[in-house]
>>> print(open('input.cif').read())   # mmCIF, C-alpha atoms
data_data
loop_
_atom_site.label_atom_id
_atom_site.label_comp_id
_atom_site.auth_asym_id
_atom_site.auth_seq_id
_atom_site.Cartn_x
_atom_site.Cartn_y
_atom_site.Cartn_z
CA MET H 1 0.00 0.00 0.00
CA MET H 2 1.95 3.05 -1.26
CA ARG H 3 0.38 6.48 -1.17
CA SER H 4 2.10 9.32 -2.98
CA PHE H 5 1.27 12.77 -4.27
CA LEU H 6 2.79 15.83 -5.89
CA SER H 7 2.74 19.37 -4.60
CA SER H 8 1.40 22.00 -6.93
CA GLY H 9 3.20 24.60 -9.05
CA ILE H 10 4.04 28.15 -8.09
CA HIS H 11 1.64 31.04 -8.66
CA TYR H 12 2.04 34.74 -7.98
CA GLN H 13 -0.37 37.65 -7.75
CA LEU H 14 0.44 41.33 -7.39
CA LEU H 15 -2.08 43.00 -5.10
CA GLU H 16 -3.21 46.62 -4.96
CA ASP H 17 -2.41 48.44 -1.73
CA SER H 18 -6.04 49.32 -1.13
CA GLU H 19 -7.73 46.07 -2.05
CA ASP H 20 -6.99 42.40 -1.41
CA ARG H 21 -7.54 41.32 -5.01
CA MET H 22 -5.49 40.47 -8.07
CA PHE H 23 -3.82 43.54 -9.56
CA GLY H 24 -2.93 41.90 -12.82
CA ALA H 25 -2.86 38.63 -14.68
CA GLN H 26 -1.78 35.54 -12.80
CA ALA H 27 1.46 33.90 -13.79
CA GLN H 28 2.43 30.31 -13.24
CA ARG H 29 5.70 28.49 -13.12
CA GLU H 30 5.76 24.73 -13.29
CA VAL H 31 8.06 22.76 -11.04
CA SER H 32 10.32 20.49 -13.04
CA ASP H 33 11.42 17.02 -12.07
CA GLY H 34 14.97 18.23 -11.43
CA PHE H 35 16.56 19.49 -8.25
CA VAL H 36 15.20 23.01 -8.82
CA PRO H 37 12.22 24.11 -10.92
CA THR H 38 13.53 26.01 -13.95
CA ARG H 39 16.17 28.64 -14.51
CA ARG H 40 13.58 31.40 -14.70
CA PRO H 41 13.32 33.59 -11.58
CA TYR H 42 10.20 34.16 -9.53
CA TRP H 43 8.14 36.57 -11.58
CA ILE H 44 4.82 38.38 -11.61
CA THR H 45 2.88 39.56 -14.61
CA SER H 46 0.99 42.77 -13.90
CA ALA H 47 -1.25 44.97 -15.99
CA THR H 48 -3.30 48.12 -15.60
CA PRO H 49 -6.55 48.83 -17.50
CA GLY H 50 -5.86 49.83 -21.08
CA SER H 51 -2.18 49.03 -20.93
CA ARG H 52 -0.09 46.13 -22.10
CA ALA H 53 0.99 43.51 -19.57
CA THR H 54 4.50 43.89 -18.23
CA THR H 55 6.66 41.30 -16.59
CA ILE H 56 8.20 42.17 -13.25
CA THR H 57 11.33 40.11 -12.68
CA SER H 58 14.09 40.23 -10.11
CA SER H 59 15.06 43.75 -11.20
CA ILE H 60 12.36 45.87 -9.56
CA PRO H 61 12.38 49.68 -9.26
CA LYS H 62 12.98 50.63 -5.64
CA LYS H 63 9.80 52.69 -5.44
CA SER H 64 7.77 49.59 -6.37
CA SER H 65 9.38 47.32 -3.77
CA ASN H 66 6.61 47.75 -1.21
CA PHE H 67 3.81 46.61 -3.51
CA PRO H 68 2.05 43.74 -1.71
CA VAL H 69 2.42 40.43 -3.49
CA LYS H 70 0.61 37.14 -3.06
CA PHE H 71 2.34 34.05 -4.41
CA GLU H 72 2.46 30.30 -3.99
CA ASP H 73 5.76 28.76 -2.96
CA MET H 74 7.35 25.50 -4.07
CA TYR H 75 5.33 23.45 -1.58
CA GLY H 76 1.94 24.98 -2.32
CA PHE H 77 1.68 27.52 0.51
CA THR H 78 0.19 30.93 -0.30
CA VAL H 79 2.56 33.64 0.87
CA GLU H 80 1.85 37.34 1.20
CA GLY H 81 4.84 39.65 1.06
CA ASN H 82 6.25 42.36 -1.17
CA ILE H 83 8.40 42.53 -4.27
CA ASP H 84 11.55 42.70 -2.13
CA ASP H 85 10.60 39.26 -0.82
CA VAL H 86 10.31 37.99 -4.38
CA ASN H 87 13.77 39.39 -5.16
CA VAL H 88 15.22 37.58 -2.16
CA LEU H 89 13.56 34.34 -3.22
CA ASN H 90 14.99 34.72 -6.72
CA GLU H 91 18.48 35.06 -5.29
CA VAL H 92 18.02 32.12 -2.94
CA ARG H 93 16.69 29.91 -5.74
CA GLU H 94 19.69 30.77 -7.88
CA ARG H 95 22.03 29.79 -5.05
CA VAL H 96 20.11 26.52 -4.62
CA ARG H 97 20.55 25.84 -8.33
CA GLU H 98 24.30 26.44 -8.07
CA GLN H 99 24.49 24.31 -4.94
CA GLY H 100 22.66 21.53 -6.78
CA LYS H 101 25.51 21.38 -9.28
CA VAL H 102 27.90 20.60 -6.42
CA TRP H 103 25.72 17.69 -5.28
CA TRP H 104 25.51 16.28 -8.79
CA ASP H 105 29.28 16.63 -9.29
CA LEU H 106 29.86 14.73 -6.05
CA GLU H 107 27.44 12.01 -7.13
CA ALA H 108 29.36 11.72 -10.39
CA SER H 109 32.74 11.43 -8.64
CA LYS H 110 31.85 9.55 -5.43
CA GLY H 111 28.82 7.54 -6.53
CA ALA H 112 25.08 8.18 -6.45
CA ASN H 113 24.67 7.28 -2.77
CA TRP H 114 27.97 8.47 -1.32
CA TYR H 115 26.18 10.19 1.58
CA LEU H 116 24.45 6.95 2.55
CA GLN H 117 27.72 5.67 4.06
CA PRO H 118 27.73 5.17 7.86
CA GLN H 119 27.91 8.60 9.45
CA ILE H 120 30.49 9.69 12.01
CA SER H 121 29.02 10.95 15.27
CA TRP H 122 29.81 14.50 16.42
CA ASN H 123 30.42 14.95 20.12
CA GLY H 124 31.52 17.71 22.47
CA GLU H 125 35.22 16.99 21.92
CA GLY H 126 35.11 16.74 18.15
CA ILE H 127 34.67 13.74 15.86
CA SER H 128 34.64 10.13 17.03
CA VAL H 129 36.53 8.41 14.21
CA ALA H 130 37.11 5.01 15.82
CA SER H 131 38.06 2.60 13.04
CA LEU H 132 36.31 4.45 10.24
CA LYS H 133 38.34 5.11 7.13
CA LEU H 134 39.59 8.60 6.33
CA SER H 135 37.37 8.69 3.25
CA LYS H 136 34.29 8.36 5.45
CA LEU H 137 35.57 11.14 7.67
CA ALA H 138 36.02 13.34 4.61
CA ASN H 139 32.53 12.42 3.42
CA THR H 140 31.03 13.39 6.78
CA ILE H 141 32.75 16.77 6.86
CA THR H 142 31.80 17.42 3.24
CA LEU H 143 28.21 16.39 3.92
CA LYS H 144 27.89 18.68 6.94
CA ARG H 145 29.06 21.67 4.91
CA LEU H 146 26.84 20.76 1.98
CA ILE H 147 23.73 20.31 4.10
CA ARG H 148 24.19 23.69 5.78
CA LYS H 149 24.15 25.21 2.29
CA GLY H 150 20.95 23.34 1.42
CA ILE H 151 19.90 19.97 0.06
CA PRO H 152 18.50 20.03 -3.50
CA PRO H 153 14.72 19.51 -3.14
CA VAL H 154 14.71 16.39 -5.33
CA LEU H 155 17.35 14.76 -3.10
CA ARG H 156 15.87 15.93 0.20
CA PRO H 157 13.68 12.85 0.91
CA LYS H 158 16.53 10.39 0.37
CA VAL H 159 19.11 12.44 2.24
CA TRP H 160 16.79 13.06 5.20
CA LEU H 161 15.98 9.36 5.51
CA SER H 162 19.68 8.54 5.53
CA VAL H 163 21.29 11.17 7.76
CA SER H 164 18.47 11.16 10.34
CA GLY H 165 18.62 7.42 10.90
CA ALA H 166 15.02 6.94 9.74
CA ALA H 167 15.99 4.47 7.02
CA LYS H 168 17.92 2.39 9.55
CA LYS H 169 14.99 2.51 11.99
CA ARG H 170 12.61 1.31 9.28
CA SER H 171 14.96 -1.56 8.36
CA THR H 172 14.49 -3.12 11.82
CA VAL H 173 10.80 -3.93 11.25
CA PRO H 174 8.91 -5.89 8.56
CA GLU H 175 8.27 -4.08 5.28
CA SER H 176 4.54 -4.21 5.94
CA TYR H 177 4.86 -2.50 9.35
CA TYR H 178 3.22 0.80 8.42
CA ASP H 179 0.38 -0.80 6.45
CA ASP H 180 -0.17 -3.32 9.23
CA LEU H 181 -0.52 -0.49 11.73
CA ILE H 182 -3.03 1.28 9.47
CA ARG H 183 -5.18 -1.84 9.34
CA ALA H 184 -4.81 -2.46 13.08
CA THR H 185 -5.86 1.08 14.02
CA GLU H 186 -8.69 1.47 11.52
CA GLY H 187 -11.94 2.41 13.24
CA LYS H 188 -10.38 2.70 16.71
CA ILE H 189 -11.23 5.79 18.72
CA THR H 190 -9.02 7.16 21.48
CA ALA H 191 -8.41 10.52 23.11
CA ALA H 192 -5.57 10.97 20.63
CA THR H 193 -7.68 10.22 17.54
CA ARG H 194 -10.40 12.61 18.75
CA GLN H 195 -7.86 15.41 19.17
CA ILE H 196 -6.32 14.62 15.78
CA ASP H 197 -9.75 14.84 14.12
CA HIS H 198 -10.31 18.17 15.84
CA ASP H 199 -6.97 19.57 14.63
CA LEU H 200 -7.00 18.34 11.02
CA PRO H 201 -9.12 21.21 9.59
CA ARG H 202 -6.94 23.73 11.44
CA THR H 203 -3.65 22.44 10.02
CA PHE H 204 -2.48 24.88 7.33
CA PRO H 205 -6.10 25.44 6.19
CA SER H 206 -5.04 27.65 3.28
CA HIS H 207 -2.96 24.91 1.69
CA PRO H 208 -4.99 23.38 -1.17
CA TRP H 209 -3.83 19.78 -0.71
CA LEU H 210 -3.76 19.72 3.09
CA ASP H 211 -7.26 21.23 3.13
CA SER H 212 -8.57 18.55 0.77
CA PRO H 213 -10.21 15.26 1.84
CA GLU H 214 -7.23 13.37 0.40
CA GLY H 215 -4.68 15.48 2.24
CA GLN H 216 -6.48 15.34 5.57
CA ALA H 217 -6.93 11.57 5.27
CA SER H 218 -3.22 11.14 4.59
CA LEU H 219 -2.23 13.37 7.51
CA ARG H 220 -4.70 11.58 9.79
CA ARG H 221 -3.24 8.16 8.98
CA VAL H 222 0.31 9.28 9.78
CA LEU H 223 -0.69 10.89 13.08
CA VAL H 224 -3.03 8.10 14.20
CA VAL H 225 -0.55 5.35 13.35
CA TYR H 226 2.18 7.10 15.31
CA SER H 227 -0.14 7.65 18.28
CA PHE H 228 -0.53 3.86 18.50
CA ARG H 229 3.17 3.21 17.95
CA ASP H 230 4.10 5.38 20.94
CA SER H 231 1.30 5.53 23.49
CA ASP H 232 3.41 7.68 25.85
CA VAL H 233 3.35 10.46 23.30
CA GLY H 234 0.09 9.54 21.63
CA TYR H 235 -0.65 12.85 20.00
CA CYS H 236 0.26 16.40 20.95
CA GLN H 237 -0.80 19.60 19.24
CA GLY H 238 2.10 20.80 17.14
CA LEU H 239 2.79 17.38 15.67
CA ASN H 240 0.06 18.01 13.10
CA TYR H 241 2.09 20.86 11.58
CA VAL H 242 5.32 18.88 11.63
CA ALA H 243 3.72 15.83 10.03
CA ALA H 244 1.91 17.96 7.43
CA LEU H 245 5.15 19.54 6.22
CA LEU H 246 6.86 16.14 6.19
CA LEU H 247 4.09 14.85 3.93
CA LEU H 248 4.65 17.69 1.49
CA VAL H 249 8.37 16.95 1.28
CA MET H 250 8.50 13.15 1.33
CA LYS H 251 7.13 11.10 -1.54
CA THR H 252 5.04 8.69 0.52
CA GLU H 253 3.12 8.59 3.78
CA GLU H 254 5.39 5.84 5.02
CA ASP H 255 8.51 7.98 4.56
CA ALA H 256 6.81 10.86 6.39
CA PHE H 257 5.86 8.47 9.20
CA TRP H 258 9.43 7.27 9.68
CA LEU H 259 10.79 10.83 9.66
CA LEU H 260 8.24 11.71 12.35
CA ALA H 261 9.28 8.63 14.34
CA VAL H 262 12.99 9.42 14.21
CA LEU H 263 12.31 13.04 15.20
CA LEU H 264 10.36 12.07 18.30
CA GLU H 265 12.45 9.06 19.29
CA ASN H 266 16.00 10.09 18.41
CA VAL H 267 16.47 13.70 17.28
CA LEU H 268 14.43 15.72 19.79
CA VAL H 269 14.58 15.70 23.57
CA ASN H 270 12.62 13.01 25.42
CA ASP H 271 9.17 13.90 26.76
CA CYS H 272 8.86 16.97 24.54
CA TYR H 273 5.39 15.89 23.40
CA THR H 274 4.13 13.87 26.39
CA ASP H 275 1.05 14.91 28.38
CA ASN H 276 2.84 17.32 30.71
CA LEU H 277 5.24 18.60 28.01
CA SER H 278 8.07 18.26 30.54
CA GLY H 279 10.70 18.06 27.81
CA CYS H 280 9.40 21.24 26.21
CA HIS H 281 9.49 23.04 29.56
CA VAL H 282 13.11 21.95 29.99
CA GLU H 283 13.97 23.25 26.51
CA GLN H 284 12.44 26.64 27.34
CA ARG H 285 14.57 26.96 30.47
CA VAL H 286 17.69 25.93 28.58
CA PHE H 287 16.87 28.44 25.85
CA ARG H 288 16.41 31.24 28.40
CA ASP H 289 19.85 30.52 29.87
CA LEU H 290 21.46 30.33 26.43
CA LEU H 291 19.90 33.67 25.49
CA ALA H 292 21.53 35.21 28.56
CA LYS H 293 24.92 33.82 27.48
CA LYS H 294 24.73 34.47 23.75
CA CYS H 295 22.68 37.69 23.69
CA PRO H 296 23.23 39.22 27.15
CA ARG H 297 22.04 42.75 26.28
CA ILE H 298 18.73 41.44 24.95
CA ALA H 299 18.30 39.06 27.89
CA VAL H 300 18.78 41.85 30.44
CA HIS H 301 16.37 44.14 28.56
CA LEU H 302 13.67 41.47 28.29
CA GLU H 303 14.05 40.48 31.93
CA ALA H 304 13.55 44.10 32.98
CA MET H 305 10.40 44.09 30.88
CA GLU H 306 9.32 40.79 32.52
CA PHE H 307 9.13 39.19 29.10
CA ASP H 308 9.00 35.39 29.19
CA VAL H 309 10.71 33.96 26.09
CA SER H 310 8.41 30.94 26.21
CA LEU H 311 5.66 33.24 24.89
CA VAL H 312 7.27 32.90 21.46
CA ALA H 313 9.69 30.00 21.77
CA THR H 314 7.21 27.30 22.84
CA GLU H 315 5.57 27.29 19.42
CA TRP H 316 8.96 27.42 17.71
CA PHE H 317 10.14 24.28 19.50
CA LEU H 318 6.87 22.30 19.36
CA CYS H 319 6.23 23.04 15.68
CA LEU H 320 9.91 23.11 14.70
CA PHE H 321 9.37 26.57 13.17
CA SER H 322 6.86 25.22 10.64
CA LYS H 323 4.20 27.74 11.74
CA SER H 324 6.62 30.65 12.00
CA LEU H 325 9.01 30.56 9.04
CA PRO H 326 8.20 30.38 5.31
CA SER H 327 8.12 26.74 4.29
CA GLU H 328 11.28 26.81 2.17
CA THR H 329 13.23 28.43 5.02
CA THR H 330 11.82 25.90 7.49
CA LEU H 331 13.01 23.05 5.32
CA ARG H 332 16.52 24.48 5.14
CA VAL H 333 16.51 24.47 8.95
CA TRP H 334 15.23 20.89 8.95
CA ASP H 335 18.03 19.89 6.56
CA VAL H 336 20.50 20.76 9.31
CA LEU H 337 18.25 19.50 12.13
CA PHE H 338 18.10 15.96 10.72
CA ASN H 339 21.87 15.89 10.29
CA GLU H 340 23.12 17.67 13.42
CA GLY H 341 20.37 17.19 15.98
CA ALA H 342 18.23 19.28 18.31
CA LYS H 343 20.98 21.82 19.07
CA VAL H 344 20.00 23.37 15.73
CA LEU H 345 16.70 24.55 17.23
CA PHE H 346 18.60 26.63 19.79
CA HIS H 347 20.96 28.06 17.18
CA VAL H 348 18.05 29.19 14.99
CA ALA H 349 15.87 30.53 17.82
CA LEU H 350 18.81 32.57 19.14
CA ALA H 351 19.47 33.87 15.64
CA PHE H 352 16.02 35.50 15.53
CA PHE H 353 16.95 37.61 18.56
CA LYS H 354 20.46 38.34 17.31
CA MET H 355 19.21 39.50 13.89
CA LYS H 356 16.86 42.02 15.49
CA GLU H 357 18.95 42.96 18.50
CA GLU H 358 18.82 46.74 18.06
CA GLU H 359 15.08 46.80 17.38
CA LEU H 360 14.39 44.58 20.39
CA LEU H 361 16.47 46.85 22.63
CA GLN H 362 14.26 49.77 21.60
CA ALA H 363 11.03 47.90 22.42
CA LEU H 364 9.24 49.07 25.56
CA GLN H 365 6.22 46.77 25.61
CA ILE H 366 5.86 42.98 25.53
CA GLY H 367 3.56 43.31 22.54
CA GLU H 368 6.27 45.13 20.61
CA VAL H 369 8.74 42.29 21.22
CA ILE H 370 6.26 39.69 20.02
CA ASP H 371 5.43 41.78 16.95
CA ILE H 372 9.11 42.24 16.02
CA LEU H 373 9.83 38.52 16.31
CA GLN H 374 6.68 37.44 14.46
CA THR H 375 7.26 39.90 11.62
CA THR H 376 10.88 38.80 11.37
CA THR H 377 10.14 35.08 11.21
CA HIS H 378 7.15 35.35 8.87
CA HIS H 379 9.20 37.27 6.29
CA LEU H 380 12.49 35.43 6.65
CA TYR H 381 12.82 34.27 3.05
CA ASN H 382 16.62 34.11 3.10
CA PRO H 383 17.66 30.89 4.85
CA ASP H 384 21.32 31.49 4.03
CA GLU H 385 21.36 34.66 6.14
CA LEU H 386 19.45 32.95 8.97
CA LEU H 387 21.84 29.98 9.09
CA ARG H 388 24.87 32.23 8.81
CA VAL H 389 23.79 34.14 11.91
CA ALA H 390 22.74 30.94 13.67
CA PHE H 391 26.13 29.26 13.32
CA GLU H 392 28.64 32.08 12.86
CA LYS H 393 27.33 34.89 15.07
CA ILE H 394 25.78 32.71 17.77
CA GLY H 395 28.93 30.62 17.97
CA SER H 396 29.55 27.02 18.91
CA MET H 397 27.15 25.03 21.07
CA THR H 398 27.86 21.31 21.30
CA SER H 399 25.18 18.71 21.89
CA ASN H 400 27.02 17.73 25.08
CA THR H 401 26.78 21.26 26.42
CA ILE H 402 23.04 21.39 25.79
CA THR H 403 22.58 17.93 27.35
CA LYS H 404 24.31 19.16 30.52
CA GLU H 405 22.06 22.23 30.56
CA ARG H 406 19.00 20.01 30.26
CA LYS H 407 20.09 17.83 33.17
CA LYS H 408 20.61 20.95 35.26
CA GLN H 409 17.09 22.22 34.50
CA GLU H 410 15.17 18.93 34.77
CA PRO H 411 14.81 18.82 38.59
CA ALA H 412 13.31 22.32 38.76
CA VAL H 413 10.90 21.56 35.92
CA MET H 414 9.75 18.27 37.45
CA ALA H 415 9.28 19.93 40.86
CA GLU H 416 7.23 22.70 39.28
CA LEU H 417 5.07 20.24 37.35
CA ASP H 418 4.59 18.10 40.44
CA GLN H 419 3.49 21.15 42.43
CA ARG H 420 1.07 22.11 39.68
CA LEU H 421 -0.40 18.60 39.67
CA ARG H 422 -0.90 18.67 43.44
CA ARG H 423 -2.71 22.00 43.19
CA LEU H 424 -5.02 20.62 40.49
CA ASN H 425 -5.76 17.54 42.60
CA MET H 426 -6.58 19.72 45.60
CA LEU H 427 -8.97 21.79 43.49
CA LYS H 428 -10.71 18.62 42.28
CA THR H 429 -10.98 17.33 45.85
CA ASN H 430 -12.57 20.59 47.03
CA GLU H 431 -15.19 20.61 44.28
#
>>> encode(input="input.cif", output="structure tokens")
Amino acid sequence: MMRSFLSSGIHYQLLEDSEDRMFGAQAQREVSDGFVPTRRPYWITSATPGSRATTITSSIPKKSSNFPVKFEDMYGFTVEGNIDDVNVLNEVRERVREQGKVWWDLEASKGANWYLQPQISWNGEGISVASLKLSKLANTITLKRLIRKGIPPVLRPKVWLSVSGAAKKRSTVPESYYDDLIRATEGKITAATRQIDHDLPRTFPSHPWLDSPEGQASLRRVLVVYSFRDSDVGYCQGLNYVAALLLLVMKTEEDAFWLLAVLLENVLVNDCYTDNLSGCHVEQRVFRDLLAKKCPRIAVHLEAMEFDVSLVATEWFLCLFSKSLPSETTLRVWDVLFNEGAKVLFHVALAFFKMKEEELLQALQIGEVIDILQTTTHHLYNPDELLRVAFEKIGSMTSNTITKERKKQEPAVMAELDQRLRRLNMLKTNE
């Protein structure tokens, strides 16, 4: 039982400032079967009454740069921005095309599946080489650099399955495992399935495929099957957005399922999605401490304002930025996440604050801080700039360092959750 689908092409509309309607004729660009669509840039065809249509390409007059634009990205999401955003996307797509050449050259010289070799683990002291050959060490270093620059979209499913460990995890069970779970869970109703059914219509409702009966049925199967695979997690709000984006990237439901499994079981911190969200609470405390170390001026300013970073960061960590960043930027972050682990979430979250440091220092109200961060993330169409800040300006953070921080925070989190549970039980007793 193999279920697959294709995401739609890319459409753009130029909107008038005063009205939310199409300003000119709609233009469409088809996505090719290669690693990038075509060599043409993002473009918009616009026209005014009585005039001939003109094509607006990546060279836009500065005075026109604030025209609002509505367009559909590579994965079918409708995005509203301005022409400057389109220019950025053009530049990013060109860099992706150039980066794709590097991947194809490596496949030609090293073999089609050179990156499927056993990976070397990265630890706090450096690289654990053990008895691995030097060529594998070179491959690992090359792969890390390549992935940070972006995986060609056509290779993304295969590379994710390999570097994340999902392919290895799948190899330990019978080939029919996913289909068997679908049959075993069909018609069963649990608290998890009821919550999933409640959340399906609210998961990226503007996306044409995810809002269709076919898309919702596919997403439901992945989420329900996983809720039975891991009853401790079951289902938690936030997983619907993660699974939905996985479905749009991977070619089959089964691949999306195994990526979700490896995320929850190997990549992310334990208990991040359990009933009490203890792992997520730990991550928020760790993030707060890292903000104080990496962005001390901002941390002091926000503390004086009594701003709790969890107001914005909880959604970032639970949804892995899928609700906050444009989809193509999110996937560039996930490229690195699957290869380097959960420390990437901290790097990226800290980068948001670092990129807007001066603006945040001028903010006087909590609402201003939230608005700055939301505006920044929603219009962050340049993943190269984001990742450059995340890894160069934020500096090194090893997985070992973050693990130690988690262990330091866990007792306080568990004590707080235990106290909260006792209060709730007392309230129930008094009713």
>>> residues_around(input="input.cif", residues="region 343-353 of chain H", least_positions_apart="6", cutoff="6 Å", atoms="all atoms listed in the file", output="number ranges by chain")
H: 337, 389-390, 399
>>> closest_residue(input="input.cif", among="H:Pro68, H:Tyr178, H:Met414, H:Leu248", to="Asp271 (chain H)", atoms="all atoms listed in the file")
H:Met414
>>> atom_distance(input="input.cif", atom1="CA of Gly367 (chain H)", atom2="CA of His379 (chain H)")
18.2 Å
>>> resolve_selection(input="input.cif", expression="the PyMOL selection byres ((chain H and resi 380) around 12)", output="PyMOL selection string")
chain H and resi 79+81+84-86+88-89+92+321+324-330+332-333+348+351-352+355-356+373-379+381-387
>>> resolve_selection(input="input.cif", expression="the PyMOL selection byres ((chain H and resi 294) around 10)", output="short mmCIF file (atom, residue, chain, number, x, y, z; two decimals) with C-alpha atoms, keeping the file's coordinate frame")
data_model
loop_
_atom_site.label_atom_id
_atom_site.label_comp_id
_atom_site.auth_asym_id
_atom_site.auth_seq_id
_atom_site.Cartn_x
_atom_site.Cartn_y
_atom_site.Cartn_z
CA ASP H 289 19.85 30.52 29.87
CA LEU H 290 21.46 30.33 26.43
CA LEU H 291 19.90 33.67 25.49
CA ALA H 292 21.53 35.21 28.56
CA LYS H 293 24.92 33.82 27.48
CA CYS H 295 22.68 37.69 23.69
CA PRO H 296 23.23 39.22 27.15
CA ARG H 297 22.04 42.75 26.28
CA ILE H 298 18.73 41.44 24.95
CA ALA H 299 18.30 39.06 27.89
CA HIS H 347 20.96 28.06 17.18
CA LEU H 350 18.81 32.57 19.14
CA ALA H 351 19.47 33.87 15.64
CA PHE H 353 16.95 37.61 18.56
CA LYS H 354 20.46 38.34 17.31
CA LYS H 393 27.33 34.89 15.07
CA ILE H 394 25.78 32.71 17.77
CA GLY H 395 28.93 30.62 17.97
#
>>> resolve_selection(input="input.cif", expression="the PyMOL selection byres ((chain H and resi 237) around 9)", output="PyMOL selection string")
chain H and resi 195-196+199+235-236+238-241+273+318-319
>>> residues_around(input="input.cif", residues="Ala256 (chain H)", least_positions_apart="2", cutoff="12 Å", atoms="all atoms listed in the file", output="PyMOL selection string")
chain H and resi 2-4+157-158+160-161+166-167+170+178+218-219+221-223+225-226+240+242-254+258-263
>>> closest_residue(input="input.cif", among="H:Thr274, H:Gln284, H:Thr403, H:Gln362", to="Leu302 (chain H)", atoms="only C-alpha atoms")
H:Gln362
>>> atom_distance(input="input.cif", atom1="CA of Leu181 (chain H)", atom2="CA of Val154 (chain H)")
28.4 Å
>>> closest_residue(input="input.cif", among="H:Met74, H:Pro152, H:Pro213, H:Leu268", to="Glu98 (chain H)", atoms="all atoms listed in the file")
H:Pro152
>>> atom_distance(input="input.cif", atom1="CA of Arg388 (chain H)", atom2="CA of Glu357 (chain H)")
15.6 Å
>>> axis_aligned_box(input="input.cif", around="region 316-319 of chain H", padding_each_side="4 Å", output="JSON")
{"center_x": 8.2, "center_y": 24.9, "center_z": 17.6, "size_x": 11.9, "size_y": 13.1, "size_z": 11.8}
